[in-house]
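Q: If it helps, the file is called query-v3.pdb and holds PDB, C-alpha atoms:
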```pdb
ATOM      1  CA  MET A   1     149.680  86.270 126.004  1.00  0.00           C
ATOM      2  CA  THR A   2     148.326  82.759 126.473  1.00  0.00           C
ATOM      3  CA  SER A   3     146.506  82.286 129.767  1.00  0.00           C
ATOM      4  CA  GLU A   4     145.270  78.953 131.136  1.00  0.00           C
ATOM      5  CA  LEU A   5     142.623  77.962 133.654  1.00  0.00           C
ATOM      6  CA  ASP A   6     141.900  74.344 134.588  1.00  0.00           C
ATOM      7  CA  ILE A   7     139.163  73.449 137.090  1.00  0.00           C
ATOM      8  CA  ARG A   8     138.182  69.928 138.137  1.00  0.00           C
ATOM      9  CA  ALA A   9     135.372  69.093 140.545  1.00  0.00           C
ATOM     10  CA  ALA A  10     134.747  65.756 142.260  1.00  0.00           C
ATOM     11  CA  ALA A  11     132.126  64.382 144.654  1.00  0.00           C
ATOM     12  CA  ARG A  12     132.448  62.918 148.110  1.00  0.00           C
ATOM     13  CA  GLY A  13     129.028  61.673 149.164  1.00  0.00           C
ATOM     14  CA  THR A  14     126.612  64.570 148.565  1.00  0.00           C
ATOM     15  CA  HIS A  15     129.407  67.137 148.733  1.00  0.00           C
ATOM     16  CA  THR A  16     131.131  68.555 145.635  1.00  0.00           C
ATOM     17  CA  TYR A  17     134.675  69.793 146.205  1.00  0.00           C
ATOM     18  CA  LEU A  18     137.431  71.425 144.164  1.00  0.00           C
ATOM     19  CA  GLN A  19     139.695  68.508 143.302  1.00  0.00           C
ATOM     20  CA  HIS A  20     142.168  70.417 141.134  1.00  0.00           C
ATOM     21  CA  CYS A  21     142.711  74.035 140.153  1.00  0.00           C
ATOM     22  CA  TYR A  22     145.520  75.370 137.975  1.00  0.00           C
ATOM     23  CA  PHE A  23     145.769  78.850 136.487  1.00  0.00           C
ATOM     24  CA  THR A  24     148.267  81.250 135.003  1.00  0.00           C
ATOM     25  CA  ARG A  25     148.061  85.014 135.149  1.00  0.00           C
ATOM     26  CA  PRO A  26     145.812  86.915 135.052  1.00  0.00           C
ATOM     27  CA  PHE A  27     143.359  84.193 136.199  1.00  0.00           C
ATOM     28  CA  LYS A  28     142.404  83.487 139.793  1.00  0.00           C
ATOM     29  CA  VAL A  29     139.706  81.261 141.305  1.00  0.00           C
ATOM     30  CA  ALA A  30     137.894  81.777 144.606  1.00  0.00           C
ATOM     31  CA  ASP A  31     135.861  79.105 146.397  1.00  0.00           C
ATOM     32  CA  ILE A  32     132.847  80.953 147.809  1.00  0.00           C
ATOM     33  CA  SER A  33     130.837  77.898 148.829  1.00  0.00           C
ATOM     34  CA  GLY A  34     130.856  78.855 152.504  1.00  0.00           C
ATOM     35  CA  SER A  35     130.209  75.245 153.495  1.00  0.00           C
ATOM     36  CA  ARG A  36     131.761  71.815 153.145  1.00  0.00           C
ATOM     37  CA  LYS A  37     128.365  70.349 152.307  1.00  0.00           C
ATOM     38  CA  GLY A  38     126.380  70.478 149.099  1.00  0.00           C
ATOM     39  CA  ASP A  39     127.237  72.264 145.854  1.00  0.00           C
ATOM     40  CA  LEU A  40     130.535  73.876 144.904  1.00  0.00           C
ATOM     41  CA  HIS A  41     130.411  77.634 144.241  1.00  0.00           C
ATOM     42  CA  LEU A  42     133.370  79.161 142.407  1.00  0.00           C
ATOM     43  CA  THR A  43     134.156  82.663 141.144  1.00  0.00           C
ATOM     44  CA  MET A  44     136.504  83.097 138.193  1.00  0.00           C
ATOM     45  CA  MET A  45     138.540  86.279 138.588  1.00  0.00           C
ATOM     46  CA  THR A  46     141.195  88.075 136.581  1.00  0.00           C
ATOM     47  CA  ALA A  47     143.829  90.610 137.567  1.00  0.00           C
ATOM     48  CA  SER A  48     143.679  92.171 134.103  1.00  0.00           C
ATOM     49  CA  PRO A  49     141.335  95.109 133.326  1.00  0.00           C
ATOM     50  CA  GLY A  50     140.052  93.103 130.359  1.00  0.00           C
ATOM     51  CA  ILE A  51     140.996  91.113 127.282  1.00  0.00           C
ATOM     52  CA  LEU A  52     143.889  92.700 125.389  1.00  0.00           C
ATOM     53  CA  ASP A  53     145.272  92.424 121.869  1.00  0.00           C
ATOM     54  CA  GLY A  54     146.940  89.034 121.361  1.00  0.00           C
ATOM     55  CA  ASP A  55     145.375  87.389 124.410  1.00  0.00           C
ATOM     56  CA  PHE A  56     144.438  83.714 124.146  1.00  0.00           C
ATOM     57  CA  TYR A  57     142.322  82.376 127.013  1.00  0.00           C
ATOM     58  CA  GLN A  58     142.248  78.576 127.360  1.00  0.00           C
ATOM     59  CA  ILE A  59     139.709  77.448 129.966  1.00  0.00           C
ATOM     60  CA  SER A  60     138.997  73.839 130.885  1.00  0.00           C
ATOM     61  CA  ILE A  61     136.297  72.691 133.328  1.00  0.00           C
ATOM     62  CA  SER A  62     135.799  69.045 134.249  1.00  0.00           C
ATOM     63  CA  LEU A  63     132.926  67.754 136.398  1.00  0.00           C
ATOM     64  CA  GLU A  64     133.131  64.224 137.768  1.00  0.00           C
ATOM     65  CA  LYS A  65     130.083  61.988 138.253  1.00  0.00           C
ATOM     66  CA  ASP A  66     127.233  63.463 140.357  1.00  0.00           C
ATOM     67  CA  THR A  67     129.009  66.749 141.000  1.00  0.00           C
ATOM     68  CA  SER A  68     127.173  70.074 141.154  1.00  0.00           C
ATOM     69  CA  VAL A  69     128.984  73.339 140.394  1.00  0.00           C
ATOM     70  CA  HIS A  70     127.919  76.989 140.304  1.00  0.00           C
ATOM     71  CA  LEU A  71     130.385  79.088 138.330  1.00  0.00           C
ATOM     72  CA  TYR A  72     130.387  82.874 138.507  1.00  0.00           C
ATOM     73  CA  THR A  73     132.504  85.754 137.229  1.00  0.00           C
ATOM     74  CA  GLN A  74     133.782  88.754 139.143  1.00  0.00           C
ATOM     75  CA  ALA A  75     132.812  91.581 136.779  1.00  0.00           C
ATOM     76  CA  TYR A  76     131.984  92.570 133.206  1.00  0.00           C
ATOM     77  CA  GLN A  77     134.350  91.115 130.599  1.00  0.00           C
ATOM     78  CA  ARG A  78     135.825  94.115 128.787  1.00  0.00           C
ATOM     79  CA  ILE A  79     137.367  93.525 125.355  1.00  0.00           C
ATOM     80  CA  PHE A  80     139.709  96.380 124.479  1.00  0.00           C
ATOM     81  CA  ASN A  81     140.613  97.922 121.097  1.00  0.00           C
ATOM     82  CA  MET A  82     143.042  95.816 119.071  1.00  0.00           C
ATOM     83  CA  GLN A  83     145.173  95.581 115.972  1.00  0.00           C
ATOM     84  CA  HIS A  84     145.103  91.805 115.536  1.00  0.00           C
ATOM     85  CA  GLY A  85     142.533  90.295 117.890  1.00  0.00           C
ATOM     86  CA  ALA A  86     142.046  87.966 120.854  1.00  0.00           C
ATOM     87  CA  ARG A  87     140.586  84.482 121.334  1.00  0.00           C
ATOM     88  CA  GLN A  88     138.945  82.389 124.014  1.00  0.00           C
ATOM     89  CA  ARG A  89     138.404  78.626 124.017  1.00  0.00           C
ATOM     90  CA  LEU A  90     136.319  77.093 126.801  1.00  0.00           C
ATOM     91  CA  LEU A  91     135.919  73.312 127.110  1.00  0.00           C
ATOM     92  CA  VAL A  92     133.496  71.782 129.619  1.00  0.00           C
ATOM     93  CA  LYS A  93     133.334  68.033 130.266  1.00  0.00           C
ATOM     94  CA  MET A  94     130.392  66.793 132.322  1.00  0.00           C
ATOM     95  CA  ALA A  95     130.315  63.211 133.593  1.00  0.00           C
ATOM     96  CA  GLU A  96     127.082  61.314 134.198  1.00  0.00           C
ATOM     97  CA  GLY A  97     124.686  62.990 136.616  1.00  0.00           C
ATOM     98  CA  SER A  98     126.687  66.209 136.927  1.00  0.00           C
ATOM     99  CA  SER A  99     125.201  69.716 137.020  1.00  0.00           C
ATOM    100  CA  LEU A 100     126.580  73.106 135.980  1.00  0.00           C
ATOM    101  CA  TYR A 101     125.119  76.546 136.576  1.00  0.00           C
ATOM    102  CA  TYR A 102     127.028  79.226 134.639  1.00  0.00           C
ATOM    103  CA  LEU A 103     125.870  82.811 134.307  1.00  0.00           C
ATOM    104  CA  PRO A 104     128.786  85.194 133.671  1.00  0.00           C
ATOM    105  CA  HIS A 105     128.614  88.974 133.692  1.00  0.00           C
ATOM    106  CA  PRO A 106     128.045  90.651 130.299  1.00  0.00           C
ATOM    107  CA  SER A 107     130.787  90.993 127.670  1.00  0.00           C
ATOM    108  CA  VAL A 108     131.631  94.532 126.534  1.00  0.00           C
ATOM    109  CA  PRO A 109     133.362  94.743 123.120  1.00  0.00           C
ATOM    110  CA  HIS A 110     135.081  98.149 122.933  1.00  0.00           C
ATOM    111  CA  GLU A 111     135.709 100.190 119.797  1.00  0.00           C
ATOM    112  CA  ASP A 112     137.965  98.397 117.256  1.00  0.00           C
ATOM    113  CA  SER A 113     137.979  95.188 119.318  1.00  0.00           C
ATOM    114  CA  VAL A 114     138.344  91.797 117.587  1.00  0.00           C
ATOM    115  CA  PHE A 115     137.308  88.730 119.553  1.00  0.00           C
ATOM    116  CA  ASP A 116     136.487  85.101 118.770  1.00  0.00           C
ATOM    117  CA  SER A 117     135.108  82.809 121.482  1.00  0.00           C
ATOM    118  CA  ILE A 118     134.136  79.142 121.254  1.00  0.00           C
ATOM    119  CA  SER A 119     132.549  77.265 124.171  1.00  0.00           C
ATOM    120  CA  ARG A 120     132.227  73.492 123.776  1.00  0.00           C
ATOM    121  CA  ILE A 121     130.272  71.435 126.309  1.00  0.00           C
ATOM    122  CA  GLU A 122     130.567  67.643 126.263  1.00  0.00           C
ATOM    123  CA  MET A 123     128.055  65.905 128.513  1.00  0.00           C
ATOM    124  CA  GLU A 124     127.150  62.351 129.424  1.00  0.00           C
ATOM    125  CA  ASP A 125     123.716  61.063 130.472  1.00  0.00           C
ATOM    126  CA  ASN A 126     121.452  62.670 133.085  1.00  0.00           C
ATOM    127  CA  CYS A 127     123.337  65.970 133.179  1.00  0.00           C
ATOM    128  CA  ARG A 128     121.769  69.333 134.019  1.00  0.00           C
ATOM    129  CA  LEU A 129     122.968  72.581 132.483  1.00  0.00           C
ATOM    130  CA  LEU A 130     122.006  76.231 132.831  1.00  0.00           C
ATOM    131  CA  TRP A 131     124.253  78.389 130.620  1.00  0.00           C
ATOM    132  CA  GLY A 132     123.844  82.117 130.147  1.00  0.00           C
ATOM    133  CA  GLU A 133     125.564  84.719 127.961  1.00  0.00           C
ATOM    134  CA  ILE A 134     125.016  88.477 127.650  1.00  0.00           C
ATOM    135  CA  ILE A 135     126.561  90.730 124.979  1.00  0.00           C
ATOM    136  CA  THR A 136     126.487  94.527 125.094  1.00  0.00           C
ATOM    137  CA  CYS A 137     126.824  97.121 122.351  1.00  0.00           C
ATOM    138  CA  GLY A 138     129.977  98.550 123.955  1.00  0.00           C
ATOM    139  CA  ARG A 139     130.435 101.422 126.403  1.00  0.00           C
ATOM    140  CA  LYS A 140     126.925 102.742 125.926  1.00  0.00           C
ATOM    141  CA  LEU A 141     127.088 105.464 128.596  1.00  0.00           C
ATOM    142  CA  SER A 142     130.179 106.891 126.871  1.00  0.00           C
ATOM    143  CA  GLY A 143     128.390 107.013 123.530  1.00  0.00           C
ATOM    144  CA  GLU A 144     130.283 104.011 122.167  1.00  0.00           C
ATOM    145  CA  VAL A 145     127.571 101.918 120.527  1.00  0.00           C
ATOM    146  CA  PHE A 146     128.353  99.043 118.144  1.00  0.00           C
ATOM    147  CA  ARG A 147     131.885 100.170 117.271  1.00  0.00           C
ATOM    148  CA  CYS A 148     133.645  96.823 117.623  1.00  0.00           C
ATOM    149  CA  ARG A 149     135.349  95.566 114.477  1.00  0.00           C
ATOM    150  CA  TYR A 150     134.437  91.879 114.908  1.00  0.00           C
ATOM    151  CA  TYR A 151     132.872  89.773 117.650  1.00  0.00           C
ATOM    152  CA  ARG A 152     131.917  86.124 117.349  1.00  0.00           C
ATOM    153  CA  ASN A 153     130.611  83.879 120.089  1.00  0.00           C
ATOM    154  CA  THR A 154     129.927  80.171 119.485  1.00  0.00           C
ATOM    155  CA  LEU A 155     128.280  77.730 121.891  1.00  0.00           C
ATOM    156  CA  GLU A 156     128.195  73.976 121.184  1.00  0.00           C
ATOM    157  CA  LEU A 157     126.551  71.202 123.202  1.00  0.00           C
ATOM    158  CA  TRP A 158     127.674  67.618 122.515  1.00  0.00           C
ATOM    159  CA  GLN A 159     126.623  64.208 123.822  1.00  0.00           C
ATOM    160  CA  ASP A 160     128.047  60.841 122.703  1.00  0.00           C
ATOM    161  CA  LYS A 161     129.961  62.625 119.923  1.00  0.00           C
ATOM    162  CA  ARG A 162     126.663  63.986 118.586  1.00  0.00           C
ATOM    163  CA  LEU A 163     126.005  67.684 118.258  1.00  0.00           C
ATOM    164  CA  LEU A 164     122.844  68.573 120.190  1.00  0.00           C
ATOM    165  CA  PHE A 165     122.927  72.338 119.871  1.00  0.00           C
ATOM    166  CA  ARG A 166     124.978  75.102 118.261  1.00  0.00           C
ATOM    167  CA  ASP A 167     124.454  78.835 118.563  1.00  0.00           C
ATOM    168  CA  VAL A 168     126.595  81.459 116.815  1.00  0.00           C
ATOM    169  CA  THR A 169     126.371  85.200 117.441  1.00  0.00           C
ATOM    170  CA  VAL A 170     128.334  87.528 115.166  1.00  0.00           C
ATOM    171  CA  LEU A 171     128.729  91.289 115.441  1.00  0.00           C
ATOM    172  CA  GLU A 172     130.446  92.974 112.502  1.00  0.00           C
ATOM    173  CA  PRO A 173     128.868  96.455 112.343  1.00  0.00           C
ATOM    174  CA  ALA A 174     130.782  97.562 109.249  1.00  0.00           C
ATOM    175  CA  VAL A 175     129.246  94.662 107.288  1.00  0.00           C
ATOM    176  CA  ILE A 176     125.770  94.353 108.839  1.00  0.00           C
ATOM    177  CA  SER A 177     124.529  97.117 111.102  1.00  0.00           C
ATOM    178  CA  PRO A 178     122.928  95.776 114.305  1.00  0.00           C
ATOM    179  CA  VAL A 179     120.291  98.512 114.086  1.00  0.00           C
ATOM    180  CA  ASN A 180     118.934  97.083 110.815  1.00  0.00           C
ATOM    181  CA  THR A 181     115.529  95.428 110.646  1.00  0.00           C
ATOM    182  CA  GLY A 182     115.794  91.815 111.760  1.00  0.00           C
ATOM    183  CA  GLN A 183     118.933  92.479 113.783  1.00  0.00           C
ATOM    184  CA  TRP A 184     119.039  94.156 117.215  1.00  0.00           C
ATOM    185  CA  GLU A 185     117.119  97.150 115.851  1.00  0.00           C
ATOM    186  CA  THR A 186     116.466  99.618 118.724  1.00  0.00           C
ATOM    187  CA  TYR A 187     118.061  97.437 121.415  1.00  0.00           C
ATOM    188  CA  SER A 188     121.632  97.587 122.713  1.00  0.00           C
ATOM    189  CA  HIS A 189     122.005  94.295 124.639  1.00  0.00           C
ATOM    190  CA  GLN A 190     121.368  90.647 123.780  1.00  0.00           C
ATOM    191  CA  ALA A 191     121.146  87.734 126.183  1.00  0.00           C
ATOM    192  CA  SER A 192     120.835  83.974 125.674  1.00  0.00           C
ATOM    193  CA  LEU A 193     120.018  81.312 128.245  1.00  0.00           C
ATOM    194  CA  LEU A 194     120.232  77.584 127.498  1.00  0.00           C
ATOM    195  CA  TRP A 195     118.597  75.187 129.945  1.00  0.00           C
ATOM    196  CA  TYR A 196     119.031  71.433 129.539  1.00  0.00           C
ATOM    197  CA  ASP A 197     117.459  69.125 132.108  1.00  0.00           C
ATOM    198  CA  LYS A 198     115.652  65.921 131.118  1.00  0.00           C
ATOM    199  CA  GLN A 199     114.388  65.519 134.683  1.00  0.00           C
ATOM    200  CA  GLN A 200     112.159  68.585 134.273  1.00  0.00           C
ATOM    201  CA  ASP A 201     108.889  69.052 132.401  1.00  0.00           C
ATOM    202  CA  MET A 202     110.228  71.611 129.926  1.00  0.00           C
ATOM    203  CA  THR A 203     106.780  72.428 128.550  1.00  0.00           C
ATOM    204  CA  ALA A 204     105.624  73.512 132.009  1.00  0.00           C
ATOM    205  CA  MET A 205     108.900  75.325 132.648  1.00  0.00           C
ATOM    206  CA  GLY A 206     108.497  77.194 129.380  1.00  0.00           C
ATOM    207  CA  ASP A 207     105.144  78.517 130.620  1.00  0.00           C
ATOM    208  CA  VAL A 208     106.757  79.673 133.867  1.00  0.00           C
ATOM    209  CA  ILE A 209     109.442  81.534 131.942  1.00  0.00           C
ATOM    210  CA  HIS A 210     106.860  83.169 129.665  1.00  0.00           C
ATOM    211  CA  GLU A 211     105.027  84.517 132.713  1.00  0.00           C
ATOM    212  CA  CYS A 212     108.271  85.930 134.094  1.00  0.00           C
ATOM    213  CA  LEU A 213     109.119  87.614 130.794  1.00  0.00           C
ATOM    214  CA  SER A 214     105.675  89.163 130.433  1.00  0.00           C
ATOM    215  CA  ALA A 215     106.219  91.049 133.698  1.00  0.00           C
ATOM    216  CA  GLU A 216     109.546  92.512 132.535  1.00  0.00           C
ATOM    217  CA  LYS A 217     109.555  95.986 130.963  1.00  0.00           C
ATOM    218  CA  ASP A 218     111.498  97.302 127.963  1.00  0.00           C
ATOM    219  CA  ILE A 219     112.547  93.940 126.529  1.00  0.00           C
ATOM    220  CA  THR A 220     111.716  91.726 123.585  1.00  0.00           C
ATOM    221  CA  ALA A 221     112.102  88.026 124.317  1.00  0.00           C
ATOM    222  CA  GLY A 222     111.190  84.547 123.176  1.00  0.00           C
ATOM    223  CA  VAL A 223     111.507  80.945 124.372  1.00  0.00           C
ATOM    224  CA  SER A 224     111.992  78.004 122.021  1.00  0.00           C
ATOM    225  CA  ARG A 225     112.427  74.250 122.407  1.00  0.00           C
ATOM    226  CA  THR A 226     115.522  72.775 120.789  1.00  0.00           C
ATOM    227  CA  ALA A 227     115.590  69.414 119.024  1.00  0.00           C
ATOM    228  CA  SER A 228     117.341  67.900 122.055  1.00  0.00           C
ATOM    229  CA  GLY A 229     114.547  69.022 124.386  1.00  0.00           C
ATOM    230  CA  ALA A 230     116.389  71.967 125.928  1.00  0.00           C
ATOM    231  CA  LEU A 231     114.909  75.431 126.333  1.00  0.00           C
ATOM    232  CA  LEU A 232     116.567  78.424 124.686  1.00  0.00           C
ATOM    233  CA  LEU A 233     115.677  81.888 125.875  1.00  0.00           C
ATOM    234  CA  ARG A 234     116.705  84.924 123.813  1.00  0.00           C
ATOM    235  CA  VAL A 235     116.248  88.465 125.120  1.00  0.00           C
ATOM    236  CA  LEU A 236     116.900  91.914 123.671  1.00  0.00           C
ATOM    237  CA  GLY A 237     117.096  94.796 126.131  1.00  0.00           C
ATOM    238  CA  GLN A 238     118.706  98.098 127.000  1.00  0.00           C
ATOM    239  CA  GLY A 239     120.887  97.226 129.993  1.00  0.00           C
ATOM    240  CA  GLY A 240     123.253  94.488 131.091  1.00  0.00           C
ATOM    241  CA  GLU A 241     122.273  94.654 134.755  1.00  0.00           C
ATOM    242  CA  GLN A 242     118.596  94.178 133.898  1.00  0.00           C
ATOM    243  CA  LEU A 243     119.280  91.093 131.781  1.00  0.00           C
ATOM    244  CA  TYR A 244     121.687  89.659 134.353  1.00  0.00           C
ATOM    245  CA  ALA A 245     119.089  90.107 137.113  1.00  0.00           C
ATOM    246  CA  LEU A 246     116.393  88.618 134.857  1.00  0.00           C
ATOM    247  CA  PHE A 247     118.372  85.424 134.334  1.00  0.00           C
ATOM    248  CA  LYS A 248     118.931  85.059 138.072  1.00  0.00           C
ATOM    249  CA  LYS A 249     115.209  85.508 138.632  1.00  0.00           C
ATOM    250  CA  ILE A 250     114.378  82.847 136.040  1.00  0.00           C
ATOM    251  CA  ALA A 251     116.836  80.404 137.608  1.00  0.00           C
ATOM    252  CA  LEU A 252     115.155  80.843 140.987  1.00  0.00           C
ATOM    253  CA  LEU A 253     111.598  80.660 139.634  1.00  0.00           C
ATOM    254  CA  THR A 254     112.220  77.427 137.765  1.00  0.00           C
ATOM    255  CA  GLY A 255     114.150  75.893 140.658  1.00  0.00           C
ATOM    256  CA  ALA A 256     117.198  75.348 138.447  1.00  0.00           C
ATOM    257  CA  GLU A 257     119.613  77.224 140.684  1.00  0.00           C
ATOM    258  CA  ARG A 258     118.468  75.425 143.810  1.00  0.00           C
ATOM    259  CA  LYS A 259     118.763  72.030 142.127  1.00  0.00           C
ATOM    260  CA  LEU A 260     122.130  72.835 140.612  1.00  0.00           C
TER
END
```
Using C-alpha cells, write down the structure from this file.
A:
Amino acid sequence: MTSELDIRAAARGTHTYLQHCYFTRPFKVADISGSRKGDLHLTMMTASPGILDGDFYQISISLEKDTSVHLYTQAYQRIFNMQHGARQRLLVKMAEGSSLYYLPHPSVPHEDSVFDSISRIEMEDNCRLLWGEIITCGRKLSGEVFRCRYYRNTLELWQDKRLLFRDVTVLEPAVISPVNTGQWETYSHQASLLWYDKQQDMTAMGDVIHECLSAEKDITAGVSRTASGALLLRVLGQGGEQLYALFKKIALLTGAERKL
C-alpha cells in the first residue's frame, strides 16, 4: 500500500503555523504546540502497528522562510517480517533561515524484514538542522537479535544542488554479521545525530557533547566534524530508550532544541 504524508509550515511574524497538511491512511498528524506563538510542534502518528510487506511511505516536509518546526513520532517504528519488502522516501525542503528538529523513536526491524529508506534534505542558506536516527537489533527482549533480512537507511543533505553529507547504514546479517569486529560487536543499538548550524561555534559545541557522552554508561560513542562544518555523533549502546533520552539531553545542553 502506498501511503502519503505532506506537511508545509509557514511563518507569520515570529509564529510558525501549519499551512498545509495532507495524509492518507495510516498516517495522522497532531499539532501539539500548545500555543499560537513561537515554534510549531508536530507529532507524526500512524494507525498501523508497523510497516508491512509492500508498504511504500512517501513523506514530504516543506519549511517556508524563517519557520521553526519540531517533528516527533508517536512510538517505535516496527518493521514486520516480509516476502518482498517495504520502502520509505522522505523529502525535506528548507527555505532560507528555517529550522528543523527531528528525533524519531527507534526503528525495530523484525525477523525476515526487508526495508529501504532514503531521507533527502534540501536546504537554503542560514538553515539549522538537528536530525536523529536510532536503529535496534530487533525485538531484543524476545531473543530476536539481528534477524532481519535486509535494512538500509540513507541520509543525504543538499544545498544549492551540492551534496554536503551522505550517510548509509546497511544491516544484512546473513552477509556480514553485526557482531563481527569493526561492526556493532557487543552492542545491539546504533544511533546517529547530525547537527548543522553555522550560527554556532561547532568546536565548542563538540566539547560540550564530549562531556555529556563521558558521563553516559554502557555506550561507545564518537563525534566528528563533517566537511560542511556539521557535527555527526555516532553512538553504540544496549537500549533504545537510553539513546533516545541521550539525544534529548544533548539537544538541551547545546541549546539546539530551545533555538529550534
Q: Quick check on the file I pasted: which residues fall under the PyMOL selection byres ((chain A and resi 108) around 9)? Write them as a list of chain:residue names.
A: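 Listing what the PyMOL selection byres ((chain A and resi 108) around 9) selects in the shown file: A:Tyr76, A:Gln77, A:Arg78, A:Ile79, A:Phe80, A:Pro106, A:Ser107, A:Pro109, A:His110, A:Ile135, A:Thr136, A:Cys137, A:Gly138, A:Arg139.
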Q: Can I get the selection written as a tab-separated table (two decimals), in the coordinates of the input, with C-alpha atoms?
A:
```tsv
chain	number	residue	atom	x	y	z
A	76	TYR	CA	131.98	92.57	133.21
A	77	GLN	CA	134.35	91.12	130.60
A	78	ARG	CA	135.82	94.12	128.79
A	79	ILE	CA	137.37	93.52	125.36
A	80	PHE	CA	139.71	96.38	124.48
A	106	PRO	CA	128.04	90.65	130.30
A	107	SER	CA	130.79	90.99	127.67
A	109	PRO	CA	133.36	94.74	123.12
A	110	HIS	CA	135.08	98.15	122.93
A	135	ILE	CA	126.56	90.73	124.98
A	136	THR	CA	126.49	94.53	125.09
A	137	CYS	CA	126.82	97.12	122.35
A	138	GLY	CA	129.98	98.55	123.96
A	139	ARG	CA	130.44	101.42	126.40
```
Q: Using the chain letters and residue numbers of this document, give as a list in words the residues selected by the PyMOL selection byres ((chain A and resi 43) around 8).
A: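 When the PyMOL selection byres ((chain A and resi 43) around 8) is applied to the shown file, the picked residues are Val29, Ala30, Asp31, Ile32, His41, Leu42, Met44, Met45, Leu71, Tyr72, Thr73 and Gln74 of chain A.
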Q: I'd like the contact shell of segment 91-103 of chain A - 6 Å cut-off, only C-alpha atoms, skipping same-chain residues fewer than 4 positions apart - returned as number ranges by chain.
A: A: 60-71, 119-132, 260
Q: Can you pull out every residue within 8 Å of Asp167 of chain A, counting only C-alpha atoms, but drop anything in the same chain fewer than 2 positions away, and send it as an mmCIF file with C-alpha atoms, in the frame of the given file?
A:
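out15.cif was written with the following content:
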```cif
data_model
loop_
_atom_site.group_PDB
_atom_site.id
_atom_site.type_symbol
_atom_site.label_atom_id
_atom_site.label_comp_id
_atom_site.auth_asym_id
_atom_site.auth_seq_id
_atom_site.Cartn_x
_atom_site.Cartn_y
_atom_site.Cartn_z
ATOM 1 C CA THR A 154 129.927 80.171 119.485
ATOM 2 C CA LEU A 155 128.280 77.730 121.891
ATOM 3 C CA GLU A 156 128.195 73.976 121.184
ATOM 4 C CA PHE A 165 122.927 72.338 119.871
ATOM 5 C CA THR A 169 126.371 85.200 117.441
#
```
Q: Run the PyMOL selection byres ((chain A and resi 52) around 7) against the file shown and list the residues it catches, as a VMD selection string.
A: chain A and resid 50 to 51 53 to 55 79 to 80 86
Q: For atom CA of Gly13 of chain A and atom CA of Asp197 of chain A, determine how far apart the two atoms are, in Å to one decimal place.
A: 21.9 Å
Q: One number please: atom CA of Ile134 of chain A to atom CA of Asp218 of chain A, in Å, one decimal.
A: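 We find that atom CA of Ile134 of chain A and atom CA of Asp218 of chain A lie 16.1 Å from each other.
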Q: List as a PyMOL selection string the protein and nucleic acid residues near Gln88 of chain A, meaning an atom at most 9 Å away when all atoms listed in the file are counted, but skip any in the same chain fewer than 6 places from it.
A: chain A and resi 55-59+115-119
Q: My list of candidates is A:Thr24, A:Gln200, A:Ser214, A:Thr220. Which is closest to Tyr187 of chain A when distances are computed with only C-alpha atoms?
A: A:Thr220
Q: Give the answer as one residue: which of A:Lys140, A:Arg147, A:Arg25, A:Arg12 has the shortest atom-to-atom distance to Lys37 of chain A, using all atoms listed in the file?
A: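 The closest residue to Lys37 of chain A is A:Arg12.
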Q: Go through A:Leu40, A:Ile209, A:Met1, A:Leu253 one by one, measure the shortest atom-to-atom distance of each to Gln19 of chain A using only C-alpha atoms, and give the residue with the smallest value.
A: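 Of all the options, A:Leu40 lies closest to Gln19 of chain A.
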Q: Could you tell me how far atom CA of Thr226 of chain A lies from atom CA of Leu213 of chain A, in Å and to one decimal?
A: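 Atom CA of Leu213 of chain A lies at a distance of 19.0 Å from atom CA of Thr226 of chain A.
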Q: Mind checking which residues fall within 6 Å of Pro26 of chain A, counting only C-alpha atoms, ignoring those fewer than 3 positions away in the same chain, and posting them as a PyMOL selection string?
A: chain A and resi 46-48
Q: So, counting only C-alpha atoms, which residue among A:Trp195, A:Phe146, A:Phe23, A:Tyr151 is closest to Val168 of chain A?
A: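 Closest candidate: A:Tyr151.
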Q: Using all atoms listed in the file, which residues sit within 8 Å of Tyr17 of chain A once same-chain residues fewer than 5 positions away are excluded, as an mmCIF file with C-alpha atoms, in the coordinates of the input?
A:
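The result, written out as selection-v8.cif:
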```
data_model
loop_
_atom_site.group_PDB
_atom_site.id
_atom_site.type_symbol
_atom_site.label_atom_id
_atom_site.label_comp_id
_atom_site.auth_asym_id
_atom_site.auth_seq_id
_atom_site.Cartn_x
_atom_site.Cartn_y
_atom_site.Cartn_z
ATOM 1 C CA ALA A 9 135.372 69.093 140.545
ATOM 2 C CA ALA A 10 134.747 65.756 142.260
ATOM 3 C CA ALA A 11 132.126 64.382 144.654
ATOM 4 C CA ARG A 12 132.448 62.918 148.110
ATOM 5 C CA ARG A 36 131.761 71.815 153.145
ATOM 6 C CA ASP A 39 127.237 72.264 145.854
ATOM 7 C CA LEU A 40 130.535 73.876 144.904
#
```
Q: Given only C-alpha atoms as the basis, pick out the residue of A:Leu193, A:Ile176, A:Ala215, A:Leu5 nearest to Val235 of chain A.
A: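 Of the candidates, the smallest distance to Val235 of chain A is held by A:Leu193.
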Q: Give the answer as one residue: which of A:Leu157, A:Asp207, A:Tyr150, A:Gly240 has the shortest atom-to-atom distance to Val170 of chain A, using only C-alpha atoms?
A: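 Looking at the shortest contact to Val170 of chain A, the residue is A:Tyr150.
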Q: Please supply segment 70-75 of chain A, rebuilt with N, CA and C atoms, as a JSON list (two decimals), keeping the file's coordinate frame.
A:
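Saved result, result_33.json, follows:
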```json
[["chain", "number", "residue", "atom", "x", "y", "z"],
["A", 70, "HIS", "N", 128.39, 75.66, 140.69],
["A", 70, "HIS", "CA", 127.92, 76.99, 140.30],
["A", 70, "HIS", "C", 129.15, 77.81, 139.96],
["A", 71, "LEU", "N", 129.21, 78.35, 138.78],
["A", 71, "LEU", "CA", 130.38, 79.09, 138.33],
["A", 71, "LEU", "C", 130.00, 80.52, 138.00],
["A", 72, "TYR", "N", 130.69, 81.46, 138.66],
["A", 72, "TYR", "CA", 130.39, 82.87, 138.51],
["A", 72, "TYR", "C", 131.62, 83.62, 137.99],
["A", 73, "THR", "N", 131.39, 84.86, 137.58],
["A", 73, "THR", "CA", 132.50, 85.75, 137.23],
["A", 73, "THR", "C", 132.49, 86.95, 138.17],
["A", 74, "GLN", "N", 133.62, 87.66, 138.19],
["A", 74, "GLN", "CA", 133.78, 88.75, 139.14],
["A", 74, "GLN", "C", 133.16, 90.06, 138.64],
["A", 75, "ALA", "N", 133.25, 90.30, 137.33],
["A", 75, "ALA", "CA", 132.81, 91.58, 136.78],
["A", 75, "ALA", "C", 132.59, 91.45, 135.28]]
```
